[in-house]
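Written out below as structure tokens is the structure these notes cover.
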Amino acid sequence: MDSKAAQYWKANLRLLISLLVIWFVVSYGFGIMFADALNAIRIGGVGLGFWFAQQGSIYVFIVLIFFYAARMNALDREFDVHED
Amino acid sequence: MDLNTITYIVVGATFLLYIGIAVWARAGTTGEFYVAGKGVHPVANGMATAADWMSAASFISMAGLIAFNGYGASVFLMGWTGGYVLLALLLAPYLRKFGKFTVPEFIGERFYSQTARLVAVICLILASVTYVIGQMKGIGVAFSRFLETSYEQGLFIGMGIVFVYAVLGGMKGITYTQIAQYVVLIFAYTIPAVFISMNLTGNPIPQLGLIGEMTTGPHAGMDMMARLDQVVTDLGFAQYSEQVMGSKLNMFVYTLSLMIGTAGLPHVIIRFFTVPKVKDARSSAGWALVFIAILYTTAPAVGSMARLNLMNTIQTGPVGEMTANIEYAKVPDWFRKWEATGLLKYEDKNGDGRIQYYNEKNADMAKKAESYGWKGNEMVKVDNDIMVLANPEIAGLPNWVIAIVVAGGLAAALSTAAGLLLAIASAVSHDVIKGMINPDISEKSELLASRLSMIGAIALAGYFGLHPPGFAAGTVAIAFGLAASSIFPVLMMGIFNKKVNRAGAIWGMISGIGITMLYVFQHKGIFFIPGTAFLGDMKPDWFFGISPNAFGAVGAVVNFVVAIAVSKVTAEPPEHIQHLVEDIRVPKGAGAATDH
């Protein structure tokens, strides 16, 4: 792999890992492991941990995917590996 | 017009629509049959993926699971959505770049092995067939319950519809019918949800109603969730907003299994082969999740509110006051209607003509109940499915809404069945017939072979629908376990680790799927045959308290570890394979369609 492709791949991995950390924190962290503690904070009529487990994590997942798609489009152009 | 006539009209109209689309979107080439000619717009593919993904279980059963498991059911909500993040970031763009027709085809080329391809075909067929049985049953049950046909007649009608558009149109026909089916099912799901949320909380948006306040009745001004917690705990049930499923560890592993399984299910993955470009595969996963989230974020509102309505219907006032339990003679119509179907069952144990619904297994509650003169819980059966099916009637909605819910349930089951059948048929015709038996097969003969494979797959699914094997009850959970422990890890390593080789992939898949099946069988019986479970199906016997349904994630870890270890001690993949991996990592050079 030439160094440009290697750099592109490294940038991709960095982005992937940071997004997967968020993915993990909102679902397994906020939604499960720390749900009880977060429930002390209320969002409307429900605890924040409960809300993340049944609503919030799903919204964050959507944002993560679109953010990744947009960032990768920019990276594709920056490293000149985009299609057509 | 009576309910039956309206239901026939609405369901009939949706079926005509699906057939019309099938005729319009006939497939003329294998490329169209397998991947819709790779010309599907990413938003359209997202919508089709949502219908492909959301099965009869999502539509009919999930709200009920949430209603009775409360917070614990979060595993399904997060597990069945979070997998799309894995799919979009780790698999879909690279597999689209690879640009072929099936999942086993990628595994066979990346691991330069027909054996690996065959193992992948077997894993795919096991996962997809177990999954499709549930859909066929859903179709039969929906017909027999609402359209007064027999279960068998319903099943044959469903098979006939799928036959028309899947055999004629392949992936192309399936894609456009799935889009129509998504529209039907999402209307059917959200209309009753909006009304039930308005009735209880005055908020037409169910997602806000869930966190809102009650606006009607003696408890107006109280948080809906707080009221629900109070109602269920007063009757000895677990507190809705805090009850866990098994343990926190089990919830963690279960969620992980469902996420990995989602990302590894072949019928979902192949949907991302249909978009024109690599960047479309990325955004299309996001659109799919948007369309899925509309239903999945509504479901917690439906589940909690339907539970509250059910409890309030039966327990109309303070627990312990005799008159606070509804008289059986005065129950609403929907109660009797669903009693007739067997989904609700009432036994007047203390002979007072009133209904007592409480948790008799809770010792404190049982003691209190005795002092009230109650002789046990009298709602001996409350089926999960009632929460969606009876919702329109509980909310007092007109007949046409009920008819749309029926059409929505059928749309959910049909769309998922068709996607699964295509995954099976393409594995048979493309991976086995063209890939292994007759590589020189002509384009025209392969198209014929794929149509015949589709017919065979429909017949097989129909057979299992008519004669559900003993293990049918646990099938969907098994499908996730199989996909999580076999397909996902191998695909991911194939892209992210150049050093994983043929032997590693084969042994990884076999050990991952093997240990998952062993764990399920030892606790649930070999192929679920009662009495053959050599370790009890009881919590104390579970490995760290992990339920068999949640074990797929452990199988996936085993797959990763074995594959990497075996690859370390055997020869590296050849040079050209390492170049192949480098090539799929960059979008540049992905053709609009690949010649075969």
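Residues are referred to by chain and number: the chain letter is A, B, ... according to the order shown in the structure tokens, the number counts from 1 in that chain, and ligands are numbered separately from 1 in the order shown.
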Within 6 Å of chain A: residues of chain B, using only C-alpha atoms, as a VMD selection string: chain B and resid 74 211 to 212 223 282 to 283 286 297 587 to 588
Find the spatial neighbours of Gly409 (chain B), counting only C-alpha atoms, within a cut-off of 10 Å - ignore same-chain residues fewer than 3 positions away - and output them as a ChimeraX atom specification. /B:55-60,138-139,142-143,181,184-186,188-189,388-389,404-406,412-414
Tell me, which residues of chain A carry DSSP alpha helix (DSSP H), written as an mmCIF file with N, CA and C atoms, in the first residue's frame?
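Result file result_3.cif:
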```cif
data_model
loop_
_atom_site.group_PDB
_atom_site.id
_atom_site.type_symbol
_atom_site.label_atom_id
_atom_site.label_comp_id
_atom_site.auth_asym_id
_atom_site.auth_seq_id
_atom_site.Cartn_x
_atom_site.Cartn_y
_atom_site.Cartn_z
ATOM 1 N N SER A 3 1.957 5.214 0.512
ATOM 2 C CA SER A 3 1.776 5.925 1.768
ATOM 3 C C SER A 3 0.490 6.758 1.772
ATOM 4 N N LYS A 4 0.065 7.211 0.588
ATOM 5 C CA LYS A 4 -1.160 8.000 0.540
ATOM 6 C C LYS A 4 -2.376 7.146 0.915
ATOM 7 N N ALA A 5 -2.429 5.946 0.337
ATOM 8 C CA ALA A 5 -3.522 5.035 0.670
ATOM 9 C C ALA A 5 -3.460 4.658 2.142
ATOM 10 N N ALA A 6 -2.228 4.484 2.651
ATOM 11 C CA ALA A 6 -2.073 4.136 4.060
ATOM 12 C C ALA A 6 -2.569 5.269 4.952
ATOM 13 N N GLN A 7 -2.276 6.503 4.547
ATOM 14 C CA GLN A 7 -2.754 7.649 5.333
ATOM 15 C C GLN A 7 -4.274 7.736 5.319
ATOM 16 N N TYR A 8 -4.856 7.488 4.134
ATOM 17 C CA TYR A 8 -6.316 7.503 4.006
ATOM 18 C C TYR A 8 -6.920 6.478 4.952
ATOM 19 N N TRP A 9 -6.327 5.279 4.952
ATOM 20 C CA TRP A 9 -6.853 4.207 5.789
ATOM 21 C C TRP A 9 -6.716 4.555 7.266
ATOM 22 N N LYS A 10 -5.588 5.160 7.638
ATOM 23 C CA LYS A 10 -5.383 5.570 9.034
ATOM 24 C C LYS A 10 -6.413 6.614 9.456
ATOM 25 N N ALA A 11 -6.657 7.579 8.565
ATOM 26 C CA ALA A 11 -7.644 8.623 8.879
ATOM 27 C C ALA A 11 -9.022 7.992 9.049
ATOM 28 N N ASN A 12 -9.331 7.032 8.181
ATOM 29 C CA ASN A 12 -10.609 6.321 8.280
ATOM 30 C C ASN A 12 -10.714 5.602 9.617
ATOM 31 N N LEU A 13 -9.636 4.885 10.006
ATOM 32 C CA LEU A 13 -9.674 4.128 11.257
ATOM 33 C C LEU A 13 -9.840 5.054 12.459
ATOM 34 N N ARG A 14 -9.118 6.194 12.423
ATOM 35 C CA ARG A 14 -9.261 7.156 13.530
ATOM 36 C C ARG A 14 -10.716 7.602 13.668
ATOM 37 N N LEU A 15 -11.329 7.950 12.553
ATOM 38 C CA LEU A 15 -12.723 8.396 12.552
ATOM 39 C C LEU A 15 -13.650 7.290 13.059
ATOM 40 N N LEU A 16 -13.437 6.074 12.510
ATOM 41 C CA LEU A 16 -14.232 4.911 12.917
ATOM 42 C C LEU A 16 -14.193 4.704 14.415
ATOM 43 N N ILE A 17 -12.969 4.720 14.948
ATOM 44 C CA ILE A 17 -12.817 4.391 16.365
ATOM 45 C C ILE A 17 -13.488 5.445 17.234
ATOM 46 N N SER A 18 -13.307 6.733 16.872
ATOM 47 C CA SER A 18 -13.939 7.735 17.730
ATOM 48 C C SER A 18 -15.463 7.641 17.656
ATOM 49 N N LEU A 19 -16.011 7.329 16.471
ATOM 50 C CA LEU A 19 -17.467 7.202 16.375
ATOM 51 C C LEU A 19 -17.971 5.961 17.114
ATOM 52 N N LEU A 20 -17.189 4.874 17.056
ATOM 53 C CA LEU A 20 -17.614 3.663 17.773
ATOM 54 C C LEU A 20 -17.534 3.854 19.284
ATOM 55 N N VAL A 21 -16.611 4.715 19.744
ATOM 56 C CA VAL A 21 -16.570 5.019 21.180
ATOM 57 C C VAL A 21 -17.879 5.694 21.588
ATOM 58 N N ILE A 22 -18.335 6.660 20.776
ATOM 59 C CA ILE A 22 -19.609 7.327 21.087
ATOM 60 C C ILE A 22 -20.758 6.316 21.041
ATOM 61 N N TRP A 23 -20.738 5.481 20.002
ATOM 62 C CA TRP A 23 -21.752 4.425 19.845
ATOM 63 C C TRP A 23 -21.829 3.569 21.123
ATOM 64 N N PHE A 24 -20.661 3.213 21.642
ATOM 65 C CA PHE A 24 -20.615 2.373 22.834
ATOM 66 C C PHE A 24 -21.106 3.125 24.065
ATOM 67 N N ALA A 35 -27.080 3.510 33.682
ATOM 68 C CA ALA A 35 -28.478 3.944 33.571
ATOM 69 C C ALA A 35 -29.042 4.344 34.934
ATOM 70 N N ASP A 36 -28.748 3.538 35.959
ATOM 71 C CA ASP A 36 -29.330 3.831 37.274
ATOM 72 C C ASP A 36 -28.883 5.192 37.783
ATOM 73 N N ALA A 37 -27.583 5.464 37.638
ATOM 74 C CA ALA A 37 -27.075 6.750 38.110
ATOM 75 C C ALA A 37 -27.692 7.892 37.305
ATOM 76 N N LEU A 38 -27.767 7.707 35.975
ATOM 77 C CA LEU A 38 -28.304 8.779 35.125
ATOM 78 C C LEU A 38 -29.785 9.023 35.355
ATOM 79 N N LEU A 48 -32.990 9.839 32.708
ATOM 80 C CA LEU A 48 -32.138 10.006 31.529
ATOM 81 C C LEU A 48 -31.572 8.660 31.042
ATOM 82 N N GLY A 49 -31.246 7.762 31.977
ATOM 83 C CA GLY A 49 -30.729 6.447 31.590
ATOM 84 C C GLY A 49 -31.772 5.670 30.799
ATOM 85 N N PHE A 50 -33.010 5.668 31.311
ATOM 86 C CA PHE A 50 -34.117 5.006 30.619
ATOM 87 C C PHE A 50 -34.319 5.625 29.236
ATOM 88 N N TRP A 51 -34.238 6.955 29.181
ATOM 89 C CA TRP A 51 -34.470 7.652 27.908
ATOM 90 C C TRP A 51 -33.398 7.284 26.878
ATOM 91 N N SER A 57 -30.322 6.720 22.434
ATOM 92 C CA SER A 57 -29.253 6.002 21.743
ATOM 93 C C SER A 57 -29.582 5.871 20.262
ATOM 94 N N ILE A 58 -30.857 5.637 19.934
ATOM 95 C CA ILE A 58 -31.252 5.450 18.530
ATOM 96 C C ILE A 58 -31.027 6.741 17.738
ATOM 97 N N TYR A 59 -31.384 7.884 18.352
ATOM 98 C CA TYR A 59 -31.158 9.159 17.658
ATOM 99 C C TYR A 59 -29.661 9.379 17.422
ATOM 100 N N VAL A 60 -28.858 9.060 18.432
ATOM 101 C CA VAL A 60 -27.412 9.251 18.280
ATOM 102 C C VAL A 60 -26.870 8.342 17.171
ATOM 103 N N PHE A 61 -27.375 7.092 17.094
ATOM 104 C CA PHE A 61 -26.915 6.170 16.039
ATOM 105 C C PHE A 61 -27.096 6.800 14.661
ATOM 106 N N ILE A 62 -28.271 7.417 14.450
ATOM 107 C CA ILE A 62 -28.558 8.026 13.137
ATOM 108 C C ILE A 62 -27.538 9.129 12.836
ATOM 109 N N VAL A 63 -27.322 9.993 13.842
ATOM 110 C CA VAL A 63 -26.378 11.096 13.647
ATOM 111 C C VAL A 63 -24.988 10.541 13.317
ATOM 112 N N LEU A 64 -24.572 9.482 14.026
ATOM 113 C CA LEU A 64 -23.243 8.905 13.797
ATOM 114 C C LEU A 64 -23.071 8.453 12.350
ATOM 115 N N ILE A 65 -24.090 7.772 11.810
ATOM 116 C CA ILE A 65 -23.950 7.248 10.448
ATOM 117 C C ILE A 65 -23.846 8.391 9.436
ATOM 118 N N PHE A 66 -24.719 9.392 9.564
ATOM 119 C CA PHE A 66 -24.664 10.500 8.593
ATOM 120 C C PHE A 66 -23.376 11.306 8.738
ATOM 121 N N PHE A 67 -22.913 11.453 9.983
ATOM 122 C CA PHE A 67 -21.656 12.162 10.184
ATOM 123 C C PHE A 67 -20.510 11.398 9.519
ATOM 124 N N TYR A 68 -20.514 10.079 9.706
ATOM 125 C CA TYR A 68 -19.466 9.256 9.090
ATOM 126 C C TYR A 68 -19.512 9.376 7.565
ATOM 127 N N ALA A 69 -20.738 9.290 7.003
ATOM 128 C CA ALA A 69 -20.878 9.369 5.547
ATOM 129 C C ALA A 69 -20.335 10.705 5.031
ATOM 130 N N ALA A 70 -20.655 11.791 5.728
ATOM 131 C CA ALA A 70 -20.215 13.113 5.274
ATOM 132 C C ALA A 70 -18.694 13.253 5.414
ATOM 133 N N ARG A 71 -18.139 12.835 6.554
ATOM 134 C CA ARG A 71 -16.698 12.941 6.770
ATOM 135 C C ARG A 71 -15.931 12.103 5.747
ATOM 136 N N MET A 72 -16.462 10.903 5.471
ATOM 137 C CA MET A 72 -15.763 10.023 4.529
ATOM 138 C C MET A 72 -15.809 10.587 3.114
ATOM 139 N N ASN A 73 -16.918 11.228 2.741
ATOM 140 C CA ASN A 73 -16.967 11.869 1.425
ATOM 141 C C ASN A 73 -15.860 12.909 1.316
ATOM 142 N N ALA A 74 -15.665 13.665 2.399
ATOM 143 C CA ALA A 74 -14.617 14.687 2.388
ATOM 144 C C ALA A 74 -13.233 14.025 2.315
ATOM 145 N N LEU A 75 -13.042 12.961 3.094
ATOM 146 C CA LEU A 75 -11.752 12.253 3.076
ATOM 147 C C LEU A 75 -11.462 11.652 1.698
ATOM 148 N N ASP A 76 -12.507 11.083 1.080
ATOM 149 C CA ASP A 76 -12.344 10.493 -0.254
ATOM 150 C C ASP A 76 -11.763 11.523 -1.220
ATOM 151 N N ARG A 77 -12.284 12.760 -1.139
ATOM 152 C CA ARG A 77 -11.820 13.811 -2.049
ATOM 153 C C ARG A 77 -10.422 14.288 -1.665
ATOM 154 N N GLU A 78 -10.222 14.440 -0.353
ATOM 155 C CA GLU A 78 -8.926 14.922 0.127
ATOM 156 C C GLU A 78 -7.794 13.999 -0.343
#
```
DSSP on the backbone, then: every residue of region 225-345 of chain B marked strand (DSSP E or B), written as a PyMOL selection string. chain B and resi 315+325+327+344-345
Between B:Ala483, B:Ala407, B:Ala369, B:Ala88, single out the one closest to Leu258 (chain B), counting only C-alpha atoms.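 Of B:Ala483, B:Ala407, B:Ala369, B:Ala88, the one nearest Leu258 (chain B) is B:Ala483, counting only C-alpha atoms.
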Might you pull out every residue within 12 Å of Asp364 (chain B), with only C-alpha atoms counted and same-chain residues fewer than 6 positions away left off, and present them as a PyMOL selection string? chain B and resi 233-237+358+370-371
Once you have the residues from the selection above, write them out as a tab-separated table (two decimals), in the first residue's frame, restricted to C-alpha atoms.
```
chain	number	residue	atom	x	y	z
B	233	THR	CA	-46.01	-1.95	41.43
B	234	ASP	CA	-49.34	-1.60	43.32
B	235	LEU	CA	-50.27	-4.96	41.82
B	236	GLY	CA	-46.94	-6.58	42.63
B	237	PHE	CA	-45.38	-6.37	39.16
B	358	TYR	CA	-51.85	-9.07	39.73
B	370	GLU	CA	-55.33	-13.20	50.21
B	371	SER	CA	-56.55	-10.59	52.66
```
When you draw a straight line from CA of Tyr165 (chain B) to CA of Asn45 (chain B), how long is it in Å?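 Those two atoms sit 17.3 Å apart.
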Residue contacts of region 324-339 of chain B (10 Å, only C-alpha atoms) excluding same-chain residues fewer than 6 positions away, as a list of chain:residue names: B:Arg145, B:Leu310, B:Asn312, B:Thr313, B:Ile314, B:Gln315, B:Thr316, B:Gly317, B:Pro318, B:Lys345, B:Tyr346, B:Asp348, B:Asp352, B:Gly353, B:Arg354, B:Ile355, B:Gln356, B:Tyr357, B:Lys381, B:Val382, B:Asp383, B:Ile386, B:Leu389, B:Ala390, B:Asn391, B:Pro392, B:Glu393, B:Ile394, B:Gly396
Keeping only N, CA and C atoms, take the residues you just selected and write them out as a compact mmCIF listing (two decimals), in the first residue's frame.
```txt
# COMPACT_ATOMS: atom_id res chain seq x y z
N ARG B 145 -56.66 -14.98 11.75
CA ARG B 145 -57.27 -14.23 12.83
C ARG B 145 -58.19 -13.14 12.31
N LEU B 310 -54.33 -1.21 29.55
CA LEU B 310 -54.79 -2.55 29.91
C LEU B 310 -55.01 -2.65 31.42
N ASN B 312 -55.51 -0.22 33.55
CA ASN B 312 -56.61 0.65 33.98
C ASN B 312 -57.98 0.10 33.61
N THR B 313 -58.01 -0.69 32.54
CA THR B 313 -59.29 -1.28 32.14
C THR B 313 -59.74 -2.29 33.19
N ILE B 314 -58.77 -3.04 33.74
CA ILE B 314 -59.12 -4.11 34.66
C ILE B 314 -59.19 -3.62 36.10
N GLN B 315 -58.19 -2.83 36.49
CA GLN B 315 -58.15 -2.29 37.86
C GLN B 315 -58.58 -0.83 37.76
N THR B 316 -59.84 -0.56 38.04
CA THR B 316 -60.35 0.78 37.76
C THR B 316 -60.19 1.75 38.92
N GLY B 317 -59.75 1.25 40.08
CA GLY B 317 -59.60 2.14 41.24
C GLY B 317 -58.57 1.58 42.19
N PRO B 318 -58.56 2.03 43.45
CA PRO B 318 -57.55 1.59 44.42
C PRO B 318 -57.54 0.08 44.61
N LYS B 345 -57.01 -14.65 28.31
CA LYS B 345 -57.77 -15.72 28.94
C LYS B 345 -58.05 -15.36 30.39
N TYR B 346 -59.33 -15.47 30.78
CA TYR B 346 -59.75 -15.10 32.13
C TYR B 346 -60.38 -16.29 32.82
N ASP B 348 -62.32 -17.07 36.53
CA ASP B 348 -62.82 -16.46 37.77
C ASP B 348 -62.53 -17.37 38.96
N ASP B 352 -66.13 -14.26 42.13
CA ASP B 352 -66.85 -13.02 42.47
C ASP B 352 -67.33 -12.27 41.23
N GLY B 353 -67.10 -12.86 40.06
CA GLY B 353 -67.57 -12.21 38.84
C GLY B 353 -66.76 -10.99 38.44
N ARG B 354 -65.67 -10.72 39.16
CA ARG B 354 -64.81 -9.58 38.83
C ARG B 354 -63.42 -10.10 38.44
N ILE B 355 -62.64 -9.23 37.81
CA ILE B 355 -61.32 -9.67 37.35
C ILE B 355 -60.23 -9.14 38.27
N GLN B 356 -59.41 -10.03 38.80
CA GLN B 356 -58.22 -9.60 39.54
C GLN B 356 -56.98 -9.97 38.74
N TYR B 357 -56.22 -8.94 38.38
CA TYR B 357 -55.01 -9.14 37.58
C TYR B 357 -53.84 -8.61 38.39
N LYS B 381 -53.88 -15.64 30.83
CA LYS B 381 -53.07 -15.41 29.65
C LYS B 381 -53.26 -13.99 29.11
N VAL B 382 -52.16 -13.28 28.96
CA VAL B 382 -52.17 -11.99 28.25
C VAL B 382 -51.02 -12.07 27.25
N ASP B 383 -51.35 -12.32 25.99
CA ASP B 383 -50.31 -12.51 24.98
C ASP B 383 -49.66 -11.17 24.63
N ILE B 386 -51.12 -8.86 21.79
CA ILE B 386 -52.36 -8.11 21.98
C ILE B 386 -52.10 -6.61 22.00
N LEU B 389 -52.14 -5.44 18.34
CA LEU B 389 -53.33 -5.85 17.60
C LEU B 389 -54.59 -5.22 18.14
N ALA B 390 -54.69 -5.09 19.46
CA ALA B 390 -55.92 -4.55 20.04
C ALA B 390 -55.87 -3.05 20.25
N ASN B 391 -54.71 -2.48 19.99
CA ASN B 391 -54.51 -1.05 20.23
C ASN B 391 -55.59 -0.15 19.62
N PRO B 392 -55.89 -0.32 18.32
CA PRO B 392 -56.90 0.57 17.72
C PRO B 392 -58.25 0.48 18.42
N GLU B 393 -58.60 -0.74 18.83
CA GLU B 393 -59.90 -0.89 19.50
C GLU B 393 -59.87 -0.31 20.90
N ILE B 394 -58.74 -0.51 21.61
CA ILE B 394 -58.62 0.05 22.95
C ILE B 394 -58.71 1.57 22.88
N GLY B 396 -60.35 3.12 20.72
CA GLY B 396 -61.63 3.50 20.15
C GLY B 396 -61.56 4.04 18.73
```
If you count only C-alpha atoms, which residues fall within 9 Å of region 508-520 of chain B, apart from same-chain ones fewer than 6 positions away, as a PDB file with C-alpha atoms, in the first residue's frame?
```pdb
ATOM      1  CA  ALA B 116     -14.912 -21.111   3.109  1.00  0.00           C
ATOM      2  CA  VAL B 119     -19.294 -22.946   5.043  1.00  0.00           C
ATOM      3  CA  ALA B 120     -20.636 -19.414   4.540  1.00  0.00           C
ATOM      4  CA  CYS B 123     -24.340 -20.525   7.798  1.00  0.00           C
ATOM      5  CA  ILE B 478     -31.094 -18.591  16.803  1.00  0.00           C
ATOM      6  CA  GLY B 481     -26.869 -16.039  17.202  1.00  0.00           C
ATOM      7  CA  LEU B 482     -25.814 -17.796  13.995  1.00  0.00           C
ATOM      8  CA  ALA B 483     -25.233 -14.590  12.039  1.00  0.00           C
ATOM      9  CA  ALA B 484     -23.415 -12.926  14.938  1.00  0.00           C
ATOM     10  CA  SER B 485     -21.092 -15.831  15.612  1.00  0.00           C
ATOM     11  CA  SER B 486     -20.299 -16.853  12.034  1.00  0.00           C
ATOM     12  CA  ILE B 487     -20.789 -14.251   9.309  1.00  0.00           C
ATOM     13  CA  PRO B 489     -16.636 -11.631  12.372  1.00  0.00           C
ATOM     14  CA  VAL B 490     -15.359 -13.169   9.138  1.00  0.00           C
ATOM     15  CA  ILE B 526     -30.682 -30.573  21.012  1.00  0.00           C
ATOM     16  CA  PHE B 527     -32.661 -28.935  18.189  1.00  0.00           C
ATOM     17  CA  PHE B 528     -35.002 -27.886  21.023  1.00  0.00           C
ATOM     18  CA  SER B 547     -29.191 -16.411  28.596  1.00  0.00           C
ATOM     19  CA  PRO B 548     -28.859 -18.749  25.573  1.00  0.00           C
ATOM     20  CA  ASN B 549     -30.498 -16.130  23.311  1.00  0.00           C
ATOM     21  CA  PHE B 551     -24.849 -15.954  23.557  1.00  0.00           C
ATOM     22  CA  GLY B 552     -24.107 -14.921  19.955  1.00  0.00           C
ATOM     23  CA  ALA B 553     -21.704 -12.201  21.099  1.00  0.00           C
ATOM     24  CA  VAL B 554     -19.619 -14.775  22.981  1.00  0.00           C
ATOM     25  CA  GLY B 555     -19.594 -16.949  19.851  1.00  0.00           C
ATOM     26  CA  ALA B 556     -18.402 -13.930  17.852  1.00  0.00           C
ATOM     27  CA  VAL B 557     -15.507 -13.356  20.267  1.00  0.00           C
ATOM     28  CA  VAL B 558     -14.534 -17.026  19.933  1.00  0.00           C
ATOM     29  CA  ASN B 559     -14.661 -16.665  16.133  1.00  0.00           C
ATOM     30  CA  PHE B 560     -12.324 -13.625  16.212  1.00  0.00           C
ATOM     31  CA  VAL B 561      -9.847 -15.245  18.609  1.00  0.00           C
ATOM     32  CA  VAL B 562      -9.690 -18.589  16.795  1.00  0.00           C
ATOM     33  CA  ALA B 563      -9.372 -16.990  13.344  1.00  0.00           C
ATOM     34  CA  ILE B 564      -6.526 -14.707  14.379  1.00  0.00           C
ATOM     35  CA  VAL B 566      -4.960 -19.971  13.457  1.00  0.00           C
TER      36      VAL B 566
END
```
How many Å lie between CA of Met322 (chain B) and CA of Gly373 (chain B), rounded to one decimal?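 Atom-to-atom, CA of Met322 (chain B) to CA of Gly373 (chain B), that is 9.3 Å.
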Enter the distance from CA of Met78 (chain B) to CA of Ala127 (chain B), in Å, rounded to one decimal.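 If I compute the distance from CA of Met78 (chain B) to CA of Ala127 (chain B), I get 21.0 Å.
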